[in-house]
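> One file is attached below, my_file24.txt, containing compact mmCIF, N, CA and C atoms.
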# COMPACT_ATOMS: atom_id res chain seq x y z
N MET A 904 14.30 -21.57 -72.09
CA MET A 904 15.55 -21.22 -71.48
C MET A 904 16.03 -22.28 -70.50
N ALA A 905 15.23 -23.33 -70.32
CA ALA A 905 15.59 -24.37 -69.35
C ALA A 905 16.87 -25.08 -69.78
N GLY A 906 17.02 -25.34 -71.07
CA GLY A 906 18.23 -26.00 -71.55
C GLY A 906 19.47 -25.17 -71.33
N ALA A 907 19.36 -23.88 -71.57
CA ALA A 907 20.51 -22.99 -71.35
C ALA A 907 20.85 -22.92 -69.87
N ALA A 908 19.83 -22.83 -69.02
CA ALA A 908 20.10 -22.80 -67.58
C ALA A 908 20.69 -24.12 -67.12
N LEU A 909 20.21 -25.20 -67.67
CA LEU A 909 20.70 -26.53 -67.31
C LEU A 909 22.19 -26.66 -67.62
N ILE A 910 22.59 -26.21 -68.78
CA ILE A 910 23.98 -26.33 -69.21
C ILE A 910 24.87 -25.26 -68.58
N LEU A 911 24.46 -24.02 -68.63
CA LEU A 911 25.33 -22.92 -68.20
C LEU A 911 25.41 -22.74 -66.68
N GLU A 912 24.35 -23.15 -65.99
CA GLU A 912 24.36 -22.98 -64.54
C GLU A 912 24.59 -24.30 -63.80
N ASN A 913 24.67 -25.40 -64.54
CA ASN A 913 24.94 -26.72 -63.97
C ASN A 913 23.95 -27.06 -62.85
N VAL A 914 22.66 -27.01 -63.19
CA VAL A 914 21.61 -27.33 -62.23
C VAL A 914 20.85 -28.57 -62.70
N SER A 915 19.95 -29.06 -61.85
CA SER A 915 19.15 -30.23 -62.23
C SER A 915 18.07 -29.82 -63.23
N VAL A 916 17.39 -30.81 -63.76
CA VAL A 916 16.36 -30.55 -64.78
C VAL A 916 15.24 -29.68 -64.20
N TRP A 917 14.73 -30.08 -63.04
CA TRP A 917 13.62 -29.32 -62.45
C TRP A 917 14.06 -27.93 -62.03
N GLU A 918 15.27 -27.80 -61.55
CA GLU A 918 15.80 -26.48 -61.19
C GLU A 918 15.99 -25.62 -62.45
N GLY A 919 16.39 -26.25 -63.56
CA GLY A 919 16.51 -25.52 -64.82
C GLY A 919 15.17 -25.01 -65.31
N ILE A 920 14.12 -25.82 -65.17
CA ILE A 920 12.78 -25.38 -65.57
C ILE A 920 12.32 -24.24 -64.67
N ARG A 921 12.55 -24.38 -63.37
CA ARG A 921 12.18 -23.32 -62.42
C ARG A 921 12.94 -22.04 -62.74
N ARG A 922 14.21 -22.18 -63.07
CA ARG A 922 15.05 -21.01 -63.41
C ARG A 922 14.56 -20.35 -64.69
N SER A 923 14.13 -21.16 -65.64
CA SER A 923 13.59 -20.62 -66.88
C SER A 923 12.34 -19.80 -66.63
N TRP A 924 11.47 -20.29 -65.77
CA TRP A 924 10.26 -19.53 -65.43
C TRP A 924 10.62 -18.22 -64.75
N GLN A 925 11.62 -18.24 -63.88
CA GLN A 925 12.03 -17.02 -63.20
C GLN A 925 12.57 -15.99 -64.19
N LEU A 926 13.39 -16.45 -65.11
CA LEU A 926 14.02 -15.52 -66.06
C LEU A 926 13.02 -14.94 -67.06
N THR A 927 12.07 -15.75 -67.49
CA THR A 927 11.16 -15.29 -68.54
C THR A 927 9.91 -14.61 -68.01
N ARG A 928 9.73 -14.56 -66.69
CA ARG A 928 8.56 -13.89 -66.12
C ARG A 928 8.57 -12.42 -66.53
N GLY A 929 7.51 -11.99 -67.17
CA GLY A 929 7.40 -10.61 -67.64
C GLY A 929 7.99 -10.38 -69.02
N SER A 930 8.67 -11.36 -69.56
CA SER A 930 9.28 -11.22 -70.89
C SER A 930 8.82 -12.32 -71.84
N PHE A 931 7.70 -12.96 -71.50
CA PHE A 931 7.25 -14.12 -72.25
C PHE A 931 7.07 -13.82 -73.73
N TRP A 932 6.35 -12.75 -74.05
CA TRP A 932 6.04 -12.46 -75.45
C TRP A 932 7.28 -12.08 -76.25
N ARG A 933 8.19 -11.36 -75.62
CA ARG A 933 9.44 -10.99 -76.31
C ARG A 933 10.29 -12.22 -76.59
N VAL A 934 10.40 -13.11 -75.61
CA VAL A 934 11.18 -14.34 -75.79
C VAL A 934 10.51 -15.24 -76.81
N LEU A 935 9.19 -15.41 -76.69
CA LEU A 935 8.47 -16.24 -77.65
C LEU A 935 8.61 -15.70 -79.06
N GLY A 936 8.50 -14.39 -79.23
CA GLY A 936 8.64 -13.78 -80.55
C GLY A 936 10.02 -14.01 -81.15
N ALA A 937 11.04 -13.85 -80.33
CA ALA A 937 12.41 -14.06 -80.83
C ALA A 937 12.64 -15.52 -81.21
N LEU A 938 12.14 -16.44 -80.38
CA LEU A 938 12.31 -17.86 -80.70
C LEU A 938 11.51 -18.27 -81.93
N LEU A 939 10.29 -17.73 -82.07
CA LEU A 939 9.50 -18.04 -83.26
C LEU A 939 10.13 -17.45 -84.52
N LEU A 940 10.67 -16.25 -84.43
CA LEU A 940 11.35 -15.65 -85.58
C LEU A 940 12.58 -16.46 -85.96
N SER A 941 13.32 -16.91 -84.98
CA SER A 941 14.48 -17.76 -85.24
C SER A 941 14.06 -19.06 -85.91
N ALA A 942 13.00 -19.69 -85.41
CA ALA A 942 12.51 -20.94 -86.00
C ALA A 942 12.01 -20.71 -87.42
N LEU A 943 11.35 -19.58 -87.64
CA LEU A 943 10.87 -19.25 -88.99
C LEU A 943 12.03 -19.06 -89.96
N LEU A 944 13.06 -18.35 -89.53
CA LEU A 944 14.22 -18.12 -90.39
C LEU A 944 14.95 -19.42 -90.71
N THR A 945 15.20 -20.24 -89.69
CA THR A 945 15.91 -21.49 -89.94
C THR A 945 15.07 -22.43 -90.80
N GLY A 946 13.76 -22.46 -90.56
CA GLY A 946 12.89 -23.29 -91.38
C GLY A 946 12.85 -22.83 -92.83
N LEU A 947 12.80 -21.52 -93.02
CA LEU A 947 12.78 -20.97 -94.38
C LEU A 947 14.07 -21.26 -95.13
N VAL A 948 15.19 -21.05 -94.47
CA VAL A 948 16.48 -21.30 -95.12
C VAL A 948 16.65 -22.77 -95.44
N SER A 949 16.31 -23.63 -94.50
CA SER A 949 16.46 -25.06 -94.76
C SER A 949 15.50 -25.54 -95.84
N SER A 950 14.30 -24.98 -95.89
CA SER A 950 13.36 -25.36 -96.94
C SER A 950 13.82 -24.90 -98.31
N LEU A 951 14.37 -23.69 -98.37
CA LEU A 951 14.86 -23.18 -99.65
C LEU A 951 16.00 -24.01 -100.21
N ILE A 952 16.79 -24.59 -99.32
CA ILE A 952 17.90 -25.41 -99.78
C ILE A 952 17.48 -26.86 -99.98
N ALA A 953 16.60 -27.36 -99.11
CA ALA A 953 16.20 -28.77 -99.19
C ALA A 953 15.24 -29.03 -100.34
N PHE A 954 14.45 -28.06 -100.74
CA PHE A 954 13.48 -28.28 -101.82
C PHE A 954 14.15 -28.68 -103.13
N PRO A 955 15.16 -27.93 -103.62
CA PRO A 955 15.82 -28.38 -104.85
C PRO A 955 16.51 -29.74 -104.70
N LEU A 956 17.05 -30.01 -103.52
CA LEU A 956 17.68 -31.31 -103.30
C LEU A 956 16.65 -32.43 -103.39
N GLY A 957 15.48 -32.21 -102.84
CA GLY A 957 14.41 -33.19 -102.92
C GLY A 957 13.93 -33.39 -104.34
N LEU A 958 13.88 -32.30 -105.11
CA LEU A 958 13.49 -32.42 -106.52
C LEU A 958 14.49 -33.27 -107.29
N VAL A 959 15.77 -33.07 -107.05
CA VAL A 959 16.80 -33.85 -107.73
C VAL A 959 16.70 -35.32 -107.35
N ALA A 960 16.52 -35.59 -106.06
CA ALA A 960 16.40 -36.98 -105.61
C ALA A 960 15.15 -37.63 -106.18
N GLY A 961 14.05 -36.90 -106.19
CA GLY A 961 12.81 -37.44 -106.76
C GLY A 961 12.92 -37.68 -108.25
N ALA A 962 13.56 -36.77 -108.96
CA ALA A 962 13.71 -36.93 -110.41
C ALA A 962 14.59 -38.13 -110.73
N THR A 963 15.65 -38.33 -109.98
CA THR A 963 16.50 -39.49 -110.26
C THR A 963 15.78 -40.79 -109.91
N SER A 964 14.92 -40.77 -108.89
CA SER A 964 14.16 -41.97 -108.55
C SER A 964 13.14 -42.31 -109.63
N VAL A 965 12.55 -41.29 -110.23
CA VAL A 965 11.55 -41.52 -111.28
C VAL A 965 12.21 -41.91 -112.59
N LEU A 966 13.30 -41.23 -112.93
CA LEU A 966 13.94 -41.48 -114.22
C LEU A 966 14.75 -42.77 -114.24
N ALA A 967 15.30 -43.16 -113.10
CA ALA A 967 16.11 -44.38 -113.05
C ALA A 967 15.73 -45.18 -111.80
N PRO A 968 14.53 -45.75 -111.78
CA PRO A 968 14.11 -46.48 -110.57
C PRO A 968 14.95 -47.73 -110.35
N GLY A 969 15.41 -47.88 -109.11
CA GLY A 969 16.18 -49.07 -108.76
C GLY A 969 17.62 -49.05 -109.23
N ALA A 970 18.03 -48.02 -109.90
CA ALA A 970 19.40 -47.95 -110.42
C ALA A 970 20.35 -47.45 -109.33
N ALA A 971 21.61 -47.66 -109.57
CA ALA A 971 22.63 -47.22 -108.60
C ALA A 971 22.68 -45.70 -108.51
N ILE A 972 22.34 -45.03 -109.61
CA ILE A 972 22.37 -43.57 -109.58
C ILE A 972 21.29 -43.02 -108.66
N SER A 973 20.16 -43.71 -108.58
CA SER A 973 19.09 -43.29 -107.67
C SER A 973 19.54 -43.43 -106.22
N ALA A 974 20.18 -44.51 -105.89
CA ALA A 974 20.69 -44.71 -104.54
C ALA A 974 21.77 -43.70 -104.21
N ALA A 975 22.64 -43.41 -105.18
CA ALA A 975 23.70 -42.43 -104.96
C ALA A 975 23.10 -41.04 -104.75
N ALA A 976 22.05 -40.71 -105.49
CA ALA A 976 21.40 -39.41 -105.31
C ALA A 976 20.75 -39.33 -103.93
N ASP A 977 20.15 -40.43 -103.48
CA ASP A 977 19.55 -40.43 -102.14
C ASP A 977 20.61 -40.25 -101.06
N VAL A 978 21.74 -40.91 -101.22
CA VAL A 978 22.83 -40.77 -100.25
C VAL A 978 23.36 -39.34 -100.26
N LEU A 979 23.51 -38.76 -101.43
CA LEU A 979 24.00 -37.40 -101.55
C LEU A 979 23.03 -36.40 -100.91
N VAL A 980 21.75 -36.58 -101.16
CA VAL A 980 20.75 -35.68 -100.58
C VAL A 980 20.74 -35.82 -99.06
N THR A 981 20.84 -37.03 -98.56
CA THR A 981 20.88 -37.23 -97.11
C THR A 981 22.11 -36.58 -96.50
N PHE A 982 23.26 -36.74 -97.15
CA PHE A 982 24.49 -36.12 -96.66
C PHE A 982 24.37 -34.60 -96.66
N LEU A 983 23.84 -34.03 -97.73
CA LEU A 983 23.70 -32.58 -97.80
C LEU A 983 22.68 -32.07 -96.79
N SER A 984 21.66 -32.85 -96.50
CA SER A 984 20.69 -32.47 -95.47
C SER A 984 21.34 -32.43 -94.09
N PHE A 985 22.18 -33.44 -93.80
CA PHE A 985 22.91 -33.43 -92.54
C PHE A 985 23.87 -32.25 -92.46
N LEU A 986 24.52 -31.94 -93.56
CA LEU A 986 25.42 -30.81 -93.61
C LEU A 986 24.66 -29.50 -93.38
N LEU A 987 23.49 -29.39 -93.98
CA LEU A 987 22.65 -28.21 -93.78
C LEU A 987 22.25 -28.07 -92.32
N SER A 988 21.90 -29.18 -91.69
CA SER A 988 21.55 -29.15 -90.27
C SER A 988 22.74 -28.72 -89.42
N ALA A 989 23.92 -29.17 -89.78
CA ALA A 989 25.12 -28.81 -89.04
C ALA A 989 25.42 -27.31 -89.15
N VAL A 990 24.97 -26.68 -90.21
CA VAL A 990 25.18 -25.24 -90.37
C VAL A 990 24.09 -24.45 -89.66
N ILE A 991 22.86 -24.95 -89.68
CA ILE A 991 21.73 -24.21 -89.13
C ILE A 991 21.61 -24.37 -87.61
N MET A 992 21.90 -25.53 -87.07
CA MET A 992 21.72 -25.76 -85.63
C MET A 992 22.54 -24.82 -84.75
N PRO A 993 23.78 -24.49 -85.09
CA PRO A 993 24.51 -23.53 -84.25
C PRO A 993 23.84 -22.15 -84.22
N PHE A 994 23.19 -21.76 -85.30
CA PHE A 994 22.46 -20.49 -85.30
C PHE A 994 21.34 -20.53 -84.28
N SER A 995 20.58 -21.60 -84.27
CA SER A 995 19.48 -21.74 -83.31
C SER A 995 20.00 -21.75 -81.88
N ALA A 996 21.09 -22.45 -81.65
CA ALA A 996 21.68 -22.50 -80.31
C ALA A 996 22.21 -21.12 -79.89
N ALA A 997 22.77 -20.39 -80.83
CA ALA A 997 23.27 -19.05 -80.53
C ALA A 997 22.13 -18.10 -80.17
N VAL A 998 21.00 -18.24 -80.84
CA VAL A 998 19.84 -17.40 -80.52
C VAL A 998 19.38 -17.67 -79.09
N VAL A 999 19.27 -18.94 -78.72
CA VAL A 999 18.85 -19.29 -77.36
C VAL A 999 19.86 -18.77 -76.34
N ALA A 1000 21.14 -18.92 -76.62
CA ALA A 1000 22.17 -18.44 -75.69
C ALA A 1000 22.12 -16.92 -75.54
N LEU A 1001 21.92 -16.22 -76.64
CA LEU A 1001 21.84 -14.75 -76.56
C LEU A 1001 20.61 -14.29 -75.80
N ILE A 1002 19.49 -14.96 -75.99
CA ILE A 1002 18.29 -14.61 -75.23
C ILE A 1002 18.51 -14.87 -73.75
N TYR A 1003 19.13 -15.99 -73.43
CA TYR A 1003 19.41 -16.32 -72.03
C TYR A 1003 20.31 -15.26 -71.40
N ILE A 1004 21.38 -14.89 -72.08
CA ILE A 1004 22.30 -13.88 -71.54
C ILE A 1004 21.60 -12.53 -71.41
N ASP A 1005 20.76 -12.18 -72.39
CA ASP A 1005 20.01 -10.93 -72.33
C ASP A 1005 19.07 -10.93 -71.11
N LEU A 1006 18.39 -12.04 -70.88
CA LEU A 1006 17.49 -12.12 -69.73
C LEU A 1006 18.26 -12.00 -68.42
N ARG A 1007 19.42 -12.63 -68.34
CA ARG A 1007 20.23 -12.53 -67.12
C ARG A 1007 20.74 -11.11 -66.93
N MET A 1008 21.10 -10.43 -68.02
CA MET A 1008 21.58 -9.06 -67.89
C MET A 1008 20.46 -8.13 -67.43
N ARG A 1009 19.27 -8.32 -67.97
CA ARG A 1009 18.14 -7.46 -67.61
C ARG A 1009 17.66 -7.74 -66.19
N ARG A 1010 17.61 -9.00 -65.78
CA ARG A 1010 17.06 -9.38 -64.47
C ARG A 1010 18.07 -9.27 -63.34
N GLU A 1011 19.29 -9.72 -63.58
CA GLU A 1011 20.24 -9.89 -62.50
C GLU A 1011 21.47 -9.01 -62.59
N GLY A 1012 21.56 -8.19 -63.62
CA GLY A 1012 22.73 -7.33 -63.77
C GLY A 1012 23.99 -8.11 -64.08
N LEU A 1013 23.87 -9.12 -64.91
CA LEU A 1013 25.03 -9.94 -65.26
C LEU A 1013 26.13 -9.10 -65.90
N ASP A 1014 25.75 -8.08 -66.67
CA ASP A 1014 26.76 -7.24 -67.31
C ASP A 1014 27.60 -6.50 -66.28
N VAL A 1015 26.99 -6.06 -65.19
CA VAL A 1015 27.73 -5.36 -64.14
C VAL A 1015 28.69 -6.34 -63.46
N GLU A 1016 28.22 -7.56 -63.21
CA GLU A 1016 29.09 -8.57 -62.59
C GLU A 1016 30.27 -8.90 -63.49
N LEU A 1017 30.02 -9.02 -64.79
CA LEU A 1017 31.10 -9.32 -65.73
C LEU A 1017 32.11 -8.19 -65.80
N ARG A 1018 31.63 -6.96 -65.77
CA ARG A 1018 32.55 -5.81 -65.78
C ARG A 1018 33.39 -5.78 -64.51
N ARG A 1019 32.73 -6.07 -63.40
CA ARG A 1019 33.43 -6.05 -62.11
C ARG A 1019 34.49 -7.15 -62.07
N SER A 1020 34.18 -8.30 -62.60
CA SER A 1020 35.17 -9.40 -62.60
C SER A 1020 36.30 -9.16 -63.59
N ALA A 1021 36.05 -8.33 -64.62
CA ALA A 1021 37.08 -8.02 -65.59
C ALA A 1021 37.89 -6.79 -65.20
N ASP A 1022 37.53 -6.16 -64.08
CA ASP A 1022 38.20 -4.95 -63.59
C ASP A 1022 38.15 -3.81 -64.58
N VAL A 1023 36.97 -3.61 -65.18
CA VAL A 1023 36.79 -2.51 -66.14
C VAL A 1023 36.05 -1.38 -65.46
What is this file in structure tokens?

Amino acid sequence: MAGAALILENVSVWEGIRRSWQLTRGSFWRVLGALLLSALLTGLVSSLIAFPLGLVAGATSVLAPGAAISAAADVLVTFLSFLLSAVIMPFSAAVVALIYIDLRMRREGLDVELRRSADV
């Protein structure tokens, strides 16, 4: 949670780490479980998509070594891998942000402050 505290609270690196320890105290296993589940899901999805792409790139390298089609397949696979990362990374960032907000709501009553500021 240090990265989220660093960005959302505009604090220094060491203060972000200290803030992360404060927020996760008593919730370590729940936070770790959610982050591991998120990493498992993103890894599984990216592997399921990257495996066929790797097979195609490998097959073109074996069937046409040194040919332009092999280089084009490598470029295409690299581009699709970057595209896959661009789709998956926001999910991982959203998980971290939601855990951070959940911790702040549970520890500091952030939801009450937000309601009060919204005049609800």
> Please indicate the distance in Å from atom N of Ser964 (chain A) to atom N of Ile991 (chain A), rounded to one decimal place.
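Separation between atom N of Ser964 (chain A) and atom N of Ile991 (chain A): 26.1 Å.
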> Report, in Å with one decimal, the straight-line distance from CA of Leu987 (chain A) to CA of Ile972 (chain A).
22.0 Å
> Name the closest residue to Thr981 (chain A) among the candidates A:Leu956, A:Leu1001, A:Leu966, A:Leu939; distances are taken between atoms, counting only N, CA and C atoms.
A:Leu956
> Any idea what the distance is between CA of Tyr1003 (chain A) and CA of Leu943 (chain A)?
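Straight-line distance from CA of Tyr1003 (chain A) to CA of Leu943 (chain A) works out to 19.2 Å.
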> Compare A:Ser923, A:Ser984, A:Ala989, A:Arg1018 by their minimum atom-to-atom distance to Leu951 (chain A), counting only C-alpha atoms, and give me the closest one.
A:Ser984
> I need the residue nearest Ala942 (chain A) from this list: A:Ser995, A:Ser1020, A:Arg922, A:Gly961. Use all atoms listed in the file for the distance.
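Closest candidate: A:Ser995.
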> Identify the residues within 12 Å of coordinate (15.8, -21.5, -88.4) (same frame as the file), considering only C-alpha atoms, and give the answer as a VMD selection string.
chain A and resid 937 to 951 987 to 999
> Here's a test: counting only C-alpha atoms, identify every protein, DNA and RNA residue with an atom at most 12 Å from (11.5, -14.0, -71.6) in the file's coordinate frame, and state them as a ChimeraX atom specification.
/A:904-905,922-938,999,1001-1010
> Using all atoms listed in the file, find the one residue out of A:Leu911, A:Ala967, A:Val1015, A:Leu983 that sits nearest to Ala953 (chain A).
A:Leu983
> Point out the residue among A:Ala962, A:Ile952, A:Gly1012, A:Ala970 with the least atom-to-atom distance to Phe985 (chain A), counting only C-alpha atoms.
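Result for the nearest residue to Phe985 (chain A): A:Ile952.
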